[in-house]
Amino acid sequence: MIASAEKLIDNRTNSVLAGLEPAIFFKFFEELSAIPRGSFNEKQVSDHIAVFARKRGLEVCQDDIWNLLIKKPGTPGYEDAPTLILHGHTDIVCESDEGVEHDFLNEGIKLRVEGDFIHGTGTTLGADNTVGVAFAMALLASDDIPHPPLEVVLTVQEEVGKGGAQHFDGSKLTGKRLLDMNWHDPKSLFAGCAGDISARLKIPLKWTDRADGQTGAVLRVSGLSSGHSEFDIHLERANAIAVLGRLLRLAMREAGVSVAKVSGGVNRYVIPGEAEAQISVDVSRLAALKAAIKAEGKAIAAEYSTSDPGLKISLTEADIEARSVFAPEVAKAMVNAMNLLPNGVQSRSLIVDGLVESSNTVALISNDQDRIEIVSTIPSAVSSRRYNIVDRIRELSEVIGLGATVETFADCPEWPYNPDSRMLAAGLAAYYNEFGEKPHVEVSHSSLELGLFRKKVPGIDMLSIGPEAFDVHTTRERLNHSTVDSTWRLLKALLSELRT
Ligand SMILES: [Zn+2]
């Protein structure tokens with residue numbers, strides 16, 4: 001089937017992926033991997049693909065942030081088939097191992113093949129989502145694969161808040177069917193995801209002088225299992241900010257401590273594994289505080305012994321240097337918020353077994369001179385439930401008073417599972433015809449940019465497929481190259497199913 005496409009393959013004398021099948025896919029995968037393309041640095045790769053498409057006489061539309069839309073007519077017999085949107089994203093996550101110096105702005109990924117897997121060399125591989133872009137290019141380059149009219153949409157900034165999809169002009173699309181190629185399991189079809197929104201609670205900060213006769217200390221929660229706030233939330237892991245809130249409540253009650261600084265969490269999509277507060281306490285009450293924290297710490301460690309066996313709570317005397325501390329009413333409001341913000345699983349799906357429907361992760365806490373900020377990320381498959389959680393956070397800010405406010409950002413709609421989807425039916429038929437068995441159908445509690453296409457193209461019907469990849473977004477990211485061929489077969493079978 002790919003004989004003529006193979007003519008396109010250059011003489012790749014230095015190719016790392018030569019010999020892997022389908023050759024046309026791995027040619028484009030390798031070509032793309034050589035181009036630096038972290039989020040916000042997609043111009044070069046976008047231009048590269050635009051030139052590639054124009055050379056083939058295809059209609060190309062590149063917007064001002066380098067999103068691409070490429071149109072290719074249907075092949076003979078498919079000219080009047082419903083248009084299919086093919087979707088992938090051009091940006092990759094740029095992470096490197098400690099000690100590895102990699103200039104992601106100017107250097108591509110150095111590919112390495114080990115057994116069944118392709119890896120980066122001390123860096124992320126970027127299979128997420130070079131895979132989708134390479135499949136799209138392979139189809140655009142082909143002249144012997146039957147397919148409906150195609151609208152290939154390659155977005156930018158997916159990895160940093162879905163900025164490309166937010167910006168993309170959906171009115172340029174005529175298709176009502178979309179096939180995404182950013183899934184990572186060749187034995188399943190992906191058919192729905194949650195939407196999400198983030199909420200920032202801001203408490204204005206007032207300061208007061210530190211009392212005489214006090215010593216400084218750091219109260220620290222660490223060693224938690226952490227994890228992705230959407231993929232791992234069902235595991236009921238401890239949240240370091242919530243645990244710190246419990247300990248601060250106790251410390252204020254038992255020893256009248258003041259707070260000088262607070263911090264916790266790494267980003268909006270990670271369950272915080274560490275959090276700490278710099279506190280100030282009367283020297284005379286330090287021993288009692290240590291005993292109380294030790295006892296409470298033991299109880300909390302027992303609660304989380306299964307989910308977070310590494311949980312550590314410490315109180316260390318330290319010179320905290322602060323001359324002033326949070327005014328007591330502000331510290332109390334902050335601790336109330338840490339303990340009362342919705343946290344973890346809020347509801348589970350009654351339609352899809354085991355699926356979390358709504359959750360909240362209190363992901364970040366910090367303060368500067370002017371305010372304390374606590375950021376929550378709230379995924380839900382049901383938008384009214386997502387906004388209800390936001391409203392509860394707003395009510396909490398009203399109860400707190402002291403001028404506390406809530407602002408929301410990064411609102412992304414859900415893609416609800418639809419058992420009657422034509423795309424899903426076509427995917428199931430194509431999979432069965434190709435492999436003689438039924439695939440799993442997966443839906444996820446994570447929020448993907450596909451939710452945004454539902455808003456841009458009313459009535460759109462979507463499905464996602466992809467080969468096996470592990471540990472994406474980390475330097476352990478790897479692509480099982482032997483599963484690419486089965487995804488390619490599924491893709492071609494699906495395209496012929498979509499004639500009607
Ligand atoms: Zn990603």
# chains A, B, ... in the order shown; residues from 1 in each chain; ligands from 1
>>> residues_near_ligand(ligand="ligand 1", cutoff="10 Å", atoms="only C-alpha atoms and all ligand atoms", output="PyMOL selection string")
chain A and resi 89+91-93+126-129+157-160+162+182-183+448+472-474
>>> residues_around(residues="Ser284 of chain A", least_positions_apart="6", cutoff="12 Å", atoms="only C-alpha atoms", output="PyMOL selection string")
chain A and resi 212-215+255-257+290
>>> select_by_dssp(residues="segment 40-86 of chain A", states="alpha helix (DSSP H)", output="list in words")
Lys43, Gln44, Val45, Ser46, Asp47, His48, Ile49, Ala50, Val51, Phe52, Ala53, Arg54 and Lys55 of chain A
>>> write_last_selection(atoms="all heavy atoms", output="short mmCIF file (atom, residue, chain, number, x, y, z; two decimals), in the first residue's frame")
data_model
loop_
_atom_site.label_atom_id
_atom_site.label_comp_id
_atom_site.auth_asym_id
_atom_site.auth_seq_id
_atom_site.Cartn_x
_atom_site.Cartn_y
_atom_site.Cartn_z
N LYS A 43 7.38 28.00 15.39
CA LYS A 43 7.38 28.61 14.05
C LYS A 43 8.13 27.75 13.04
O LYS A 43 7.66 27.50 11.94
CB LYS A 43 7.98 30.02 14.11
CG LYS A 43 8.00 30.70 12.74
CD LYS A 43 8.58 32.10 12.81
CE LYS A 43 8.48 32.83 11.47
NZ LYS A 43 9.05 32.15 10.33
N GLN A 44 9.32 27.28 13.46
CA GLN A 44 10.16 26.54 12.53
C GLN A 44 9.48 25.26 12.03
O GLN A 44 9.47 24.96 10.84
CB GLN A 44 11.51 26.21 13.19
CG GLN A 44 12.53 25.68 12.23
CD GLN A 44 13.83 25.25 12.92
OE1 GLN A 44 14.07 25.58 14.09
NE2 GLN A 44 14.65 24.50 12.21
N VAL A 45 8.89 24.52 12.97
CA VAL A 45 8.25 23.26 12.56
C VAL A 45 7.00 23.55 11.75
O VAL A 45 6.69 22.86 10.77
CB VAL A 45 7.97 22.35 13.79
CG1 VAL A 45 6.88 22.88 14.68
CG2 VAL A 45 7.63 20.94 13.33
N SER A 46 6.29 24.61 12.11
CA SER A 46 5.09 24.99 11.37
C SER A 46 5.45 25.37 9.93
O SER A 46 4.80 24.92 8.98
CB SER A 46 4.40 26.15 12.11
OG SER A 46 3.26 26.59 11.43
N ASP A 47 6.50 26.17 9.77
CA ASP A 47 6.95 26.55 8.43
C ASP A 47 7.39 25.32 7.63
O ASP A 47 7.10 25.20 6.44
CB ASP A 47 8.15 27.53 8.51
CG ASP A 47 7.71 28.92 8.95
OD1 ASP A 47 6.49 29.20 8.93
OD2 ASP A 47 8.59 29.72 9.32
N HIS A 48 8.08 24.43 8.30
CA HIS A 48 8.57 23.21 7.65
C HIS A 48 7.40 22.40 7.07
O HIS A 48 7.44 21.96 5.92
CB HIS A 48 9.35 22.37 8.67
CG HIS A 48 9.83 21.06 8.16
ND1 HIS A 48 11.01 20.91 7.49
CD2 HIS A 48 9.27 19.82 8.20
CE1 HIS A 48 11.17 19.64 7.14
NE2 HIS A 48 10.11 18.96 7.57
N ILE A 49 6.34 22.25 7.87
CA ILE A 49 5.19 21.46 7.42
C ILE A 49 4.42 22.23 6.33
O ILE A 49 3.93 21.64 5.37
CB ILE A 49 4.26 21.12 8.61
CG1 ILE A 49 5.04 20.29 9.66
CG2 ILE A 49 3.04 20.34 8.14
CD1 ILE A 49 4.37 20.22 11.01
N ALA A 50 4.36 23.56 6.46
CA ALA A 50 3.67 24.37 5.45
C ALA A 50 4.35 24.23 4.08
O ALA A 50 3.70 24.05 3.05
CB ALA A 50 3.63 25.83 5.89
N VAL A 51 5.69 24.28 4.07
CA VAL A 51 6.44 24.12 2.82
C VAL A 51 6.19 22.73 2.23
O VAL A 51 5.91 22.57 1.04
CB VAL A 51 7.96 24.35 3.06
CG1 VAL A 51 8.78 23.90 1.86
CG2 VAL A 51 8.22 25.83 3.38
N PHE A 52 6.25 21.73 3.11
CA PHE A 52 5.99 20.34 2.69
C PHE A 52 4.62 20.23 2.00
O PHE A 52 4.48 19.61 0.94
CB PHE A 52 6.07 19.44 3.95
CG PHE A 52 5.20 18.21 3.92
CD1 PHE A 52 5.68 17.01 3.41
CD2 PHE A 52 3.90 18.25 4.44
CE1 PHE A 52 4.88 15.88 3.39
CE2 PHE A 52 3.10 17.12 4.42
CZ PHE A 52 3.59 15.93 3.89
N ALA A 53 3.59 20.87 2.60
CA ALA A 53 2.23 20.73 2.07
C ALA A 53 2.06 21.53 0.77
O ALA A 53 1.44 21.06 -0.18
CB ALA A 53 1.22 21.19 3.12
N ARG A 54 2.64 22.74 0.75
CA ARG A 54 2.50 23.58 -0.47
C ARG A 54 3.19 22.91 -1.65
O ARG A 54 2.69 22.96 -2.78
CB ARG A 54 3.09 24.98 -0.23
CG ARG A 54 2.16 25.82 0.64
CD ARG A 54 2.51 27.31 0.61
NE ARG A 54 1.67 28.00 1.56
CZ ARG A 54 2.07 28.44 2.76
NH1 ARG A 54 3.34 28.29 3.13
NH2 ARG A 54 1.23 29.04 3.58
N LYS A 55 4.32 22.26 -1.40
CA LYS A 55 5.03 21.53 -2.47
C LYS A 55 4.12 20.49 -3.12
O LYS A 55 4.30 20.13 -4.27
CB LYS A 55 6.23 20.78 -1.86
CG LYS A 55 7.57 21.40 -2.16
CD LYS A 55 8.65 20.41 -1.78
CE LYS A 55 9.88 21.13 -1.29
NZ LYS A 55 10.78 20.22 -0.54
#
>>> closest_atom_pairs(of="segment 271-347 of chain A", to="segment 400-419 of chain A", cutoff="12 Å", atoms="only C-alpha atoms", output="CSV")
residue,atom,partner,partner_atom,distance
A:Ala327,CA,A:Leu402,CA,11.2
A:Pro328,CA,A:Leu402,CA,11.8
A:Glu329,CA,A:Leu402,CA,8.4
A:Val330,CA,A:Leu402,CA,7.5
A:Ala331,CA,A:Ile400,CA,11.1
A:Lys332,CA,A:Ile400,CA,9.2
A:Ala333,CA,A:Ile400,CA,5.8
A:Met334,CA,A:Ile400,CA,8.6
A:Val335,CA,A:Ile400,CA,10.4
A:Asn336,CA,A:Ile400,CA,8.0
A:Ala337,CA,A:Ile400,CA,7.9
A:Met338,CA,A:Ile400,CA,11.6
A:Leu340,CA,A:Ile400,CA,10.6
A:Leu341,CA,A:Ile400,CA,11.5
>>> closest_residue(among="A:Pro82, A:Pro439, A:Gly245, A:Gly195", to="Glu497 of chain A", atoms="only C-alpha atoms")
A:Pro82
>>> residues_around(residues="Glu79 of chain A", least_positions_apart="6", cutoff="10 Å", atoms="only C-alpha atoms", output="ChimeraX atom specification")
/A:73,147-149,499
>>> write_last_selection(atoms="C-alpha atoms", output="JSON list (two decimals), in the first residue's frame")
[["chain", "number", "residue", "atom", "x", "y", "z"],
["A", 73, "PRO", "CA", -9.41, 16.58, -1.28],
["A", 147, "HIS", "CA", -9.59, 8.71, 2.34],
["A", 148, "PRO", "CA", -12.37, 11.30, 2.64],
["A", 149, "PRO", "CA", -11.59, 15.02, 2.18],
["A", 499, "ARG", "CA", -16.71, 6.88, 3.22]]
>>> residues_around(residues="Leu125 of chain A", least_positions_apart="6", cutoff="7 Å", atoms="only C-alpha atoms", output="PyMOL selection string")
chain A and resi 109+119+477-478
>>> residues_around(residues="Leu490 of chain A", least_positions_apart="4", cutoff="8 Å", atoms="only C-alpha atoms", output="PyMOL selection string")
chain A and resi 430-431+434+486+494
>>> select_by_dssp(residues="segment 340-423 of chain A", states="strand (DSSP E)", output="PyMOL selection string")
chain A and resi 344-348+356-367+371-380+405-412
>>> closest_residue(among="A:Leu20, A:Cys61, A:Val375, A:Val221", to="Asp116 of chain A", atoms="only C-alpha atoms")
A:Leu20
>>> closest_residue(among="A:Leu364, A:Leu111, A:Leu315, A:Ile24", to="Ala240 of chain A", atoms="only C-alpha atoms")
A:Leu364
>>> closest_residue(among="A:Ala242, A:Leu491, A:Val283, A:Leu224", to="Gly310 of chain A", atoms="only C-alpha atoms")
A:Leu224
>>> atom_distance(atom1="atom CA of Arg385 of chain A", atom2="atom CA of Arg268 of chain A")
19.3 Å
>>> closest_residue(among="A:Leu498, A:Ile300, A:Ala322, A:Leu355", to="Glu230 of chain A", atoms="only C-alpha atoms")
A:Leu355
>>> residues_around(residues="Ala136 of chain A", least_positions_apart="4", cutoff="12 Å", atoms="only C-alpha atoms", output="number ranges by chain")
A: 24-25, 28-29, 49, 52-53, 68-72, 84-90, 129-132, 140-142, 150-154, 179-182, 488, 491-492
>>> closest_residue(among="A:Val399, A:Pro146, A:Pro36, A:Arg323", to="Asp209 of chain A", atoms="only C-alpha atoms")
A:Arg323
>>> decode(residues="segment 249-288 of chain A", atoms="N, CA and C atoms", output="short mmCIF file (atom, residue, chain, number, x, y, z; two decimals), in the first residue's frame")
data_model
loop_
_atom_site.label_atom_id
_atom_site.label_comp_id
_atom_site.auth_asym_id
_atom_site.auth_seq_id
_atom_site.Cartn_x
_atom_site.Cartn_y
_atom_site.Cartn_z
N ARG A 249 -3.35 24.31 61.70
CA ARG A 249 -4.51 24.47 62.58
C ARG A 249 -4.14 24.04 64.00
N LEU A 250 -3.50 22.89 64.07
CA LEU A 250 -3.08 22.35 65.37
C LEU A 250 -2.04 23.27 66.03
N ALA A 251 -1.07 23.71 65.22
CA ALA A 251 0.03 24.52 65.76
C ALA A 251 -0.50 25.86 66.29
N MET A 252 -1.49 26.43 65.63
CA MET A 252 -2.06 27.69 66.09
C MET A 252 -2.87 27.48 67.36
N ARG A 253 -3.60 26.36 67.40
CA ARG A 253 -4.45 26.09 68.57
C ARG A 253 -3.61 25.73 69.79
N GLU A 254 -2.61 24.88 69.58
CA GLU A 254 -1.84 24.34 70.72
C GLU A 254 -0.73 25.27 71.20
N ALA A 255 -0.17 26.08 70.26
CA ALA A 255 1.01 26.85 70.65
C ALA A 255 0.98 28.29 70.15
N GLY A 256 -0.19 28.73 69.62
CA GLY A 256 -0.34 30.12 69.19
C GLY A 256 0.71 30.58 68.21
N VAL A 257 1.11 29.70 67.26
CA VAL A 257 2.19 30.09 66.34
C VAL A 257 1.72 31.15 65.35
N SER A 258 2.66 31.93 64.83
CA SER A 258 2.41 32.86 63.72
C SER A 258 3.05 32.28 62.48
N VAL A 259 2.58 32.75 61.32
CA VAL A 259 3.11 32.26 60.04
C VAL A 259 3.85 33.40 59.34
N ALA A 260 5.05 33.11 58.83
CA ALA A 260 5.84 34.14 58.15
C ALA A 260 5.92 33.91 56.64
N LYS A 261 5.72 32.66 56.23
CA LYS A 261 5.81 32.36 54.79
C LYS A 261 5.16 31.00 54.54
N VAL A 262 4.56 30.84 53.38
CA VAL A 262 3.95 29.54 53.05
C VAL A 262 4.23 29.22 51.59
N SER A 263 4.48 27.95 51.28
CA SER A 263 4.69 27.55 49.88
C SER A 263 4.36 26.08 49.73
N GLY A 264 3.93 25.70 48.53
CA GLY A 264 3.65 24.29 48.25
C GLY A 264 3.18 24.08 46.83
N GLY A 265 3.46 22.87 46.28
CA GLY A 265 3.02 22.51 44.94
C GLY A 265 4.03 22.92 43.87
N VAL A 266 3.92 22.28 42.67
CA VAL A 266 4.82 22.62 41.57
C VAL A 266 4.10 23.18 40.35
N ASN A 267 2.95 22.61 39.99
CA ASN A 267 2.15 23.26 38.94
C ASN A 267 0.69 22.81 39.07
N ARG A 268 -0.15 23.38 38.21
CA ARG A 268 -1.60 23.20 38.34
C ARG A 268 -2.05 21.77 38.16
N TYR A 269 -1.20 20.95 37.48
CA TYR A 269 -1.62 19.60 37.16
C TYR A 269 -0.89 18.52 37.97
N VAL A 270 -0.33 18.92 39.07
CA VAL A 270 0.37 17.94 39.91
C VAL A 270 -0.22 17.97 41.33
N ILE A 271 -0.53 16.80 41.87
CA ILE A 271 -0.95 16.72 43.27
C ILE A 271 0.27 17.09 44.11
N PRO A 272 0.16 18.15 44.94
CA PRO A 272 1.39 18.60 45.61
C PRO A 272 1.98 17.53 46.53
N GLY A 273 3.28 17.31 46.34
CA GLY A 273 3.96 16.30 47.15
C GLY A 273 4.75 16.92 48.28
N GLU A 274 4.89 18.26 48.26
CA GLU A 274 5.64 18.96 49.32
C GLU A 274 4.99 20.30 49.59
N ALA A 275 5.01 20.71 50.86
CA ALA A 275 4.55 22.05 51.23
C ALA A 275 5.20 22.40 52.56
N GLU A 276 5.42 23.69 52.79
CA GLU A 276 6.02 24.06 54.07
C GLU A 276 5.60 25.47 54.49
N ALA A 277 5.69 25.71 55.78
CA ALA A 277 5.42 27.03 56.32
C ALA A 277 6.56 27.42 57.25
N GLN A 278 6.99 28.67 57.14
CA GLN A 278 7.92 29.21 58.14
C GLN A 278 7.04 29.79 59.25
N ILE A 279 7.31 29.36 60.48
CA ILE A 279 6.47 29.80 61.58
C ILE A 279 7.33 30.42 62.69
N SER A 280 6.64 31.12 63.59
CA SER A 280 7.30 31.75 64.73
C SER A 280 6.54 31.32 65.98
N VAL A 281 7.27 30.88 66.99
CA VAL A 281 6.60 30.31 68.18
C VAL A 281 7.34 30.76 69.45
N ASP A 282 6.58 30.99 70.53
CA ASP A 282 7.20 31.31 71.82
C ASP A 282 8.16 30.20 72.22
N VAL A 283 9.36 30.57 72.63
CA VAL A 283 10.34 29.57 73.05
C VAL A 283 9.75 28.64 74.11
N SER A 284 8.95 29.22 75.00
CA SER A 284 8.39 28.43 76.11
C SER A 284 7.37 27.38 75.63
N ARG A 285 6.86 27.55 74.43
CA ARG A 285 5.82 26.61 73.95
C ARG A 285 6.35 25.64 72.88
N LEU A 286 7.64 25.75 72.57
CA LEU A 286 8.22 24.94 71.50
C LEU A 286 8.14 23.44 71.79
N ALA A 287 8.45 23.08 73.01
CA ALA A 287 8.46 21.64 73.34
C ALA A 287 7.06 21.05 73.20
N ALA A 288 6.04 21.80 73.67
CA ALA A 288 4.66 21.32 73.55
C ALA A 288 4.25 21.21 72.09
#
